[in-house]
file data_2.cif (mmCIF, N, CA and C atoms)
data_coords
loop_
_atom_site.label_atom_id
_atom_site.label_comp_id
_atom_site.auth_asym_id
_atom_site.auth_seq_id
_atom_site.Cartn_x
_atom_site.Cartn_y
_atom_site.Cartn_z
N MET A 1 12.18 -6.07 43.04
CA MET A 1 11.26 -5.25 42.26
C MET A 1 11.93 -4.93 40.94
N GLY A 2 11.30 -5.27 39.84
CA GLY A 2 11.86 -4.98 38.53
C GLY A 2 11.45 -3.62 38.04
N TRP A 3 12.29 -3.02 37.20
CA TRP A 3 11.97 -1.70 36.66
C TRP A 3 10.90 -1.79 35.59
N MET A 4 10.81 -2.95 34.95
CA MET A 4 9.78 -3.10 33.93
C MET A 4 8.79 -4.16 34.40
N LYS A 5 7.54 -3.84 34.29
CA LYS A 5 6.50 -4.75 34.73
C LYS A 5 5.46 -4.82 33.62
N ALA A 6 5.00 -6.01 33.35
CA ALA A 6 3.98 -6.17 32.32
C ALA A 6 2.73 -5.41 32.73
N ILE A 7 2.11 -4.76 31.79
CA ILE A 7 0.92 -3.97 32.08
C ILE A 7 -0.16 -4.84 32.70
N ASP A 8 -0.32 -6.05 32.21
CA ASP A 8 -1.35 -6.94 32.74
C ASP A 8 -1.01 -7.44 34.13
N GLY A 9 0.24 -7.32 34.56
CA GLY A 9 0.67 -7.83 35.85
C GLY A 9 0.45 -6.86 37.00
N VAL A 10 -0.18 -5.72 36.76
CA VAL A 10 -0.38 -4.73 37.80
C VAL A 10 -1.68 -5.06 38.54
N SER A 11 -1.59 -5.22 39.86
CA SER A 11 -2.77 -5.56 40.65
C SER A 11 -3.64 -4.34 40.90
N SER A 12 -4.87 -4.59 41.33
CA SER A 12 -5.78 -3.47 41.62
C SER A 12 -5.27 -2.67 42.82
N ARG A 13 -4.60 -3.32 43.77
CA ARG A 13 -4.01 -2.59 44.90
C ARG A 13 -2.92 -1.66 44.42
N GLU A 14 -2.08 -2.15 43.51
CA GLU A 14 -1.02 -1.30 42.97
C GLU A 14 -1.60 -0.11 42.22
N LYS A 15 -2.65 -0.36 41.44
CA LYS A 15 -3.30 0.73 40.70
C LYS A 15 -3.88 1.76 41.66
N ARG A 16 -4.52 1.28 42.72
CA ARG A 16 -5.12 2.19 43.71
C ARG A 16 -4.04 3.05 44.36
N TRP A 17 -2.95 2.41 44.80
CA TRP A 17 -1.89 3.18 45.46
C TRP A 17 -1.19 4.12 44.49
N ALA A 18 -1.01 3.69 43.26
CA ALA A 18 -0.39 4.57 42.27
C ALA A 18 -1.26 5.81 42.06
N GLU A 19 -2.58 5.62 42.03
CA GLU A 19 -3.49 6.76 41.87
C GLU A 19 -3.45 7.67 43.09
N LEU A 20 -3.42 7.10 44.30
CA LEU A 20 -3.32 7.91 45.51
C LEU A 20 -2.03 8.72 45.53
N ILE A 21 -0.94 8.09 45.15
CA ILE A 21 0.36 8.77 45.13
C ILE A 21 0.35 9.90 44.10
N ARG A 22 -0.26 9.64 42.96
CA ARG A 22 -0.37 10.68 41.93
C ARG A 22 -1.20 11.85 42.44
N GLN A 23 -2.35 11.54 43.06
CA GLN A 23 -3.22 12.59 43.58
C GLN A 23 -2.52 13.43 44.64
N GLN A 24 -1.79 12.79 45.53
CA GLN A 24 -1.09 13.53 46.58
C GLN A 24 -0.03 14.44 45.97
N GLY A 25 0.67 13.93 44.96
CA GLY A 25 1.71 14.72 44.30
C GLY A 25 1.16 15.96 43.63
N GLN A 26 -0.09 15.91 43.19
CA GLN A 26 -0.71 17.06 42.52
C GLN A 26 -1.46 17.96 43.49
N SER A 27 -1.61 17.50 44.72
CA SER A 27 -2.34 18.31 45.70
C SER A 27 -1.39 19.28 46.38
N ASN A 28 -1.96 20.21 47.11
CA ASN A 28 -1.16 21.17 47.86
C ASN A 28 -1.17 20.85 49.35
N VAL A 29 -1.40 19.59 49.68
CA VAL A 29 -1.43 19.19 51.09
C VAL A 29 -0.26 18.27 51.40
N THR A 30 0.10 18.22 52.66
CA THR A 30 1.19 17.35 53.09
C THR A 30 0.76 15.89 52.96
N VAL A 31 1.74 15.01 52.99
CA VAL A 31 1.44 13.58 52.93
C VAL A 31 0.57 13.20 54.12
N SER A 32 0.90 13.70 55.31
CA SER A 32 0.12 13.36 56.51
C SER A 32 -1.34 13.78 56.37
N ALA A 33 -1.56 15.02 55.93
CA ALA A 33 -2.94 15.50 55.77
C ALA A 33 -3.67 14.71 54.69
N PHE A 34 -3.00 14.44 53.58
CA PHE A 34 -3.62 13.67 52.50
C PHE A 34 -4.01 12.28 52.99
N CYS A 35 -3.10 11.63 53.72
CA CYS A 35 -3.36 10.28 54.21
C CYS A 35 -4.54 10.28 55.18
N ARG A 36 -4.63 11.28 56.05
CA ARG A 36 -5.77 11.39 56.96
C ARG A 36 -7.08 11.50 56.17
N GLU A 37 -7.06 12.37 55.13
CA GLU A 37 -8.26 12.55 54.30
C GLU A 37 -8.67 11.26 53.61
N GLN A 38 -7.68 10.46 53.20
CA GLN A 38 -7.96 9.23 52.45
C GLN A 38 -8.16 8.01 53.35
N GLY A 39 -7.89 8.18 54.65
CA GLY A 39 -8.06 7.06 55.58
C GLY A 39 -6.98 5.99 55.46
N VAL A 40 -5.76 6.40 55.11
CA VAL A 40 -4.64 5.48 55.03
C VAL A 40 -3.51 5.99 55.93
N SER A 41 -2.63 5.10 56.31
CA SER A 41 -1.53 5.51 57.19
C SER A 41 -0.38 6.11 56.38
N ASP A 42 0.33 7.03 57.02
CA ASP A 42 1.52 7.62 56.39
C ASP A 42 2.52 6.53 56.03
N GLN A 43 2.69 5.58 56.95
CA GLN A 43 3.66 4.51 56.74
C GLN A 43 3.32 3.70 55.49
N SER A 44 2.05 3.38 55.31
CA SER A 44 1.64 2.64 54.12
C SER A 44 1.89 3.47 52.87
N PHE A 45 1.56 4.76 52.94
CA PHE A 45 1.76 5.64 51.80
C PHE A 45 3.22 5.65 51.38
N TYR A 46 4.12 5.90 52.34
CA TYR A 46 5.54 5.95 52.01
C TYR A 46 6.06 4.60 51.53
N GLY A 47 5.56 3.52 52.13
CA GLY A 47 5.98 2.19 51.69
C GLY A 47 5.59 1.91 50.26
N TRP A 48 4.34 2.23 49.91
CA TRP A 48 3.87 2.02 48.54
C TRP A 48 4.57 2.97 47.57
N ARG A 49 4.81 4.20 47.98
CA ARG A 49 5.49 5.13 47.08
C ARG A 49 6.88 4.62 46.75
N LYS A 50 7.56 4.09 47.76
CA LYS A 50 8.90 3.53 47.50
C LYS A 50 8.80 2.29 46.61
N ARG A 51 7.83 1.44 46.92
CA ARG A 51 7.66 0.20 46.16
C ARG A 51 7.34 0.46 44.69
N LEU A 52 6.53 1.47 44.44
CA LEU A 52 6.08 1.76 43.08
C LEU A 52 6.97 2.77 42.36
N SER A 53 7.98 3.28 43.02
CA SER A 53 8.78 4.36 42.44
C SER A 53 9.38 4.01 41.09
N GLY A 54 9.64 2.76 40.84
CA GLY A 54 10.22 2.40 39.55
C GLY A 54 9.44 1.35 38.82
N SER A 55 8.20 1.12 39.22
CA SER A 55 7.48 0.00 38.62
C SER A 55 6.45 0.42 37.57
N GLU A 56 6.43 1.68 37.20
CA GLU A 56 5.48 2.10 36.18
C GLU A 56 5.81 1.41 34.86
N PRO A 57 4.80 0.89 34.17
CA PRO A 57 5.08 0.19 32.92
C PRO A 57 5.81 1.09 31.92
N VAL A 58 6.69 0.50 31.20
CA VAL A 58 7.42 1.22 30.17
C VAL A 58 6.53 1.29 28.93
N ARG A 59 6.42 2.47 28.36
CA ARG A 59 5.59 2.64 27.17
C ARG A 59 6.51 2.78 25.96
N PHE A 60 6.13 2.14 24.89
CA PHE A 60 6.93 2.16 23.69
C PHE A 60 6.16 2.84 22.56
N ALA A 61 6.90 3.39 21.63
CA ALA A 61 6.29 4.00 20.45
C ALA A 61 6.77 3.24 19.22
N LEU A 62 5.96 3.25 18.18
CA LEU A 62 6.36 2.63 16.93
C LEU A 62 7.46 3.47 16.29
N VAL A 63 8.42 2.80 15.71
CA VAL A 63 9.53 3.48 15.07
C VAL A 63 9.56 3.07 13.61
N GLU A 64 9.67 4.05 12.74
CA GLU A 64 9.73 3.77 11.31
C GLU A 64 11.20 3.66 10.90
N ALA A 65 11.54 2.57 10.28
CA ALA A 65 12.92 2.36 9.84
C ALA A 65 13.12 3.00 8.47
N ASN A 66 14.27 3.62 8.32
CA ASN A 66 14.61 4.24 7.05
C ASN A 66 15.95 3.64 6.61
N ALA A 67 15.93 2.86 5.53
CA ALA A 67 17.13 2.16 5.09
C ALA A 67 18.23 3.11 4.66
N ALA A 68 17.92 4.35 4.30
CA ALA A 68 18.92 5.30 3.84
C ALA A 68 19.76 5.85 5.00
N VAL A 69 19.30 5.68 6.21
CA VAL A 69 20.03 6.20 7.38
C VAL A 69 20.82 5.06 8.00
N THR A 70 22.09 5.32 8.31
CA THR A 70 22.91 4.28 8.93
C THR A 70 22.64 4.25 10.42
N ARG A 71 22.86 3.11 11.02
CA ARG A 71 22.63 2.92 12.45
C ARG A 71 23.49 3.86 13.29
N ASP A 72 24.73 4.08 12.88
CA ASP A 72 25.66 4.87 13.69
C ASP A 72 25.29 6.35 13.75
N SER A 73 24.48 6.83 12.82
CA SER A 73 24.16 8.26 12.80
C SER A 73 22.89 8.59 13.60
N LEU A 74 22.24 7.58 14.16
CA LEU A 74 20.98 7.81 14.86
C LEU A 74 21.18 8.07 16.34
N ALA A 75 20.48 9.04 16.85
CA ALA A 75 20.41 9.28 18.28
C ALA A 75 19.10 8.68 18.78
N VAL A 76 19.04 8.33 20.04
CA VAL A 76 17.82 7.84 20.66
C VAL A 76 17.21 9.00 21.43
N GLU A 77 15.92 9.17 21.29
CA GLU A 77 15.24 10.23 22.02
C GLU A 77 14.17 9.62 22.91
N LEU A 78 14.25 9.95 24.20
CA LEU A 78 13.25 9.51 25.17
C LEU A 78 12.36 10.69 25.48
N ILE A 79 11.06 10.48 25.45
CA ILE A 79 10.12 11.52 25.85
C ILE A 79 9.59 11.11 27.22
N LEU A 80 9.91 11.92 28.22
CA LEU A 80 9.56 11.61 29.59
C LEU A 80 8.11 11.98 29.87
N ALA A 81 7.57 11.42 30.94
CA ALA A 81 6.18 11.68 31.32
C ALA A 81 5.93 13.17 31.52
N SER A 82 6.96 13.91 31.92
CA SER A 82 6.83 15.35 32.15
C SER A 82 6.77 16.13 30.84
N GLY A 83 7.05 15.44 29.71
CA GLY A 83 7.08 16.11 28.41
C GLY A 83 8.48 16.49 27.98
N GLU A 84 9.43 16.38 28.90
CA GLU A 84 10.81 16.70 28.55
C GLU A 84 11.36 15.62 27.62
N ARG A 85 12.34 16.01 26.80
CA ARG A 85 12.97 15.07 25.87
C ARG A 85 14.43 14.89 26.24
N LEU A 86 14.87 13.66 26.16
CA LEU A 86 16.26 13.33 26.45
C LEU A 86 16.83 12.67 25.19
N ARG A 87 17.80 13.33 24.55
CA ARG A 87 18.43 12.77 23.35
C ARG A 87 19.75 12.14 23.75
N ILE A 88 19.95 10.91 23.29
CA ILE A 88 21.15 10.16 23.61
C ILE A 88 21.89 9.93 22.30
N ALA A 89 23.05 10.52 22.20
CA ALA A 89 23.84 10.44 20.98
C ALA A 89 24.48 9.06 20.86
N PRO A 90 24.74 8.64 19.62
CA PRO A 90 25.43 7.36 19.43
C PRO A 90 26.78 7.40 20.15
N GLY A 91 27.13 6.32 20.78
CA GLY A 91 28.41 6.23 21.48
C GLY A 91 28.38 6.85 22.87
N ALA A 92 27.19 7.19 23.39
CA ALA A 92 27.10 7.77 24.73
C ALA A 92 27.64 6.78 25.75
N ASP A 93 28.33 7.31 26.74
CA ASP A 93 28.93 6.49 27.79
C ASP A 93 27.83 5.86 28.64
N ALA A 94 27.88 4.55 28.81
CA ALA A 94 26.84 3.82 29.54
C ALA A 94 26.76 4.26 31.00
N ALA A 95 27.88 4.52 31.64
CA ALA A 95 27.88 4.94 33.04
C ALA A 95 27.20 6.30 33.20
N THR A 96 27.47 7.21 32.29
CA THR A 96 26.83 8.53 32.33
C THR A 96 25.33 8.40 32.11
N LEU A 97 24.94 7.58 31.16
CA LEU A 97 23.53 7.36 30.88
C LEU A 97 22.82 6.78 32.10
N ARG A 98 23.45 5.81 32.78
CA ARG A 98 22.87 5.23 33.99
C ARG A 98 22.68 6.30 35.06
N THR A 99 23.66 7.17 35.22
CA THR A 99 23.57 8.25 36.21
C THR A 99 22.41 9.18 35.89
N VAL A 100 22.29 9.57 34.63
CA VAL A 100 21.20 10.46 34.21
C VAL A 100 19.85 9.80 34.46
N LEU A 101 19.70 8.54 34.11
CA LEU A 101 18.43 7.83 34.31
C LEU A 101 18.11 7.70 35.79
N ASN A 102 19.10 7.44 36.63
CA ASN A 102 18.86 7.35 38.07
C ASN A 102 18.38 8.68 38.63
N VAL A 103 18.97 9.78 38.18
CA VAL A 103 18.54 11.11 38.63
C VAL A 103 17.09 11.35 38.21
N LEU A 104 16.74 11.00 36.97
CA LEU A 104 15.37 11.19 36.49
C LEU A 104 14.38 10.35 37.28
N ARG A 105 14.77 9.13 37.64
CA ARG A 105 13.88 8.27 38.45
C ARG A 105 13.65 8.89 39.81
N GLU A 106 14.69 9.47 40.40
CA GLU A 106 14.55 10.09 41.73
C GLU A 106 13.62 11.29 41.67
N ARG A 107 13.65 12.03 40.56
CA ARG A 107 12.79 13.21 40.41
C ARG A 107 11.33 12.85 40.24
N ALA A 108 11.06 11.66 39.73
CA ALA A 108 9.67 11.26 39.42
C ALA A 108 8.87 11.03 40.67
#
call {"tool": "encode", "arguments": {"input": "data_2.cif", "output": "structure tokens"}}
result
Amino acid sequence: MGWMKAIDGVSSREKRWAELIRQQGQSNVTVSAFCREQGVSDQSFYGWRKRLSGSEPVRFALVEANAAVTRDSLAVELILASGERLRIAPGADAATLRTVLNVLRERA
């Protein structure tokens, strides 16, 4: 399973399960109760949730280049689906960044 998937490559089954998982996450009912209401098995729900946990398409924003700013002085800012912002300073340690991204994926 790749972390990045082409938007056009998402099947209708994946879209359906992604929507069910989203709905359950926003509901105040347990997974078991939600699955009973939707007529799906708990096992299928958990399997799809695991399968889709990192397959949401990556969204990109347009970036305006400014020739007056040097590359080394720029930080990268990620805006997460939750609205939180993560700023990555130039020269950030790759291992630390991987750890932070893994924690954020687990929270999603």
call {"tool": "residues_around", "arguments": {"input": "data_2.cif", "residues": "Arg22 (chain A)", "least_positions_apart": "4", "cutoff": "12 Å", "atoms": "only C-alpha atoms", "output": "ChimeraX atom specification"}}
result
/A:15-18,26-27,31,34,45,48-49,52-53,56,108
call {"tool": "atom_distance", "arguments": {"input": "data_2.cif", "atom1": "CA of Gly83 (chain A)", "atom2": "CA of Ser11 (chain A)"}}
result
26.8 Å
call {"tool": "atom_distance", "arguments": {"input": "data_2.cif", "atom1": "CA of Ala92 (chain A)", "atom2": "CA of Glu106 (chain A)"}}
result
21.3 Å
call {"tool": "axis_aligned_box", "arguments": {"input": "data_2.cif", "around": "region 81-96 of chain A", "padding_each_side": "8 Å", "output": "JSON"}}
result
{"center_x": 17.4, "center_y": 10.3, "center_z": 26.3, "size_x": 39.0, "size_y": 28.9, "size_z": 29.8}
call {"tool": "atom_distance", "arguments": {"input": "data_2.cif", "atom1": "atom C of Arg36 (chain A)", "atom2": "atom N of Leu20 (chain A)"}}
result
13.2 Å
call {"tool": "residues_around", "arguments": {"input": "data_2.cif", "residues": "region 86-90 of chain A", "least_positions_apart": "6", "cutoff": "6 Å", "atoms": "only N, CA and C atoms", "output": "number ranges by chain"}}
result
A: 72, 74-80
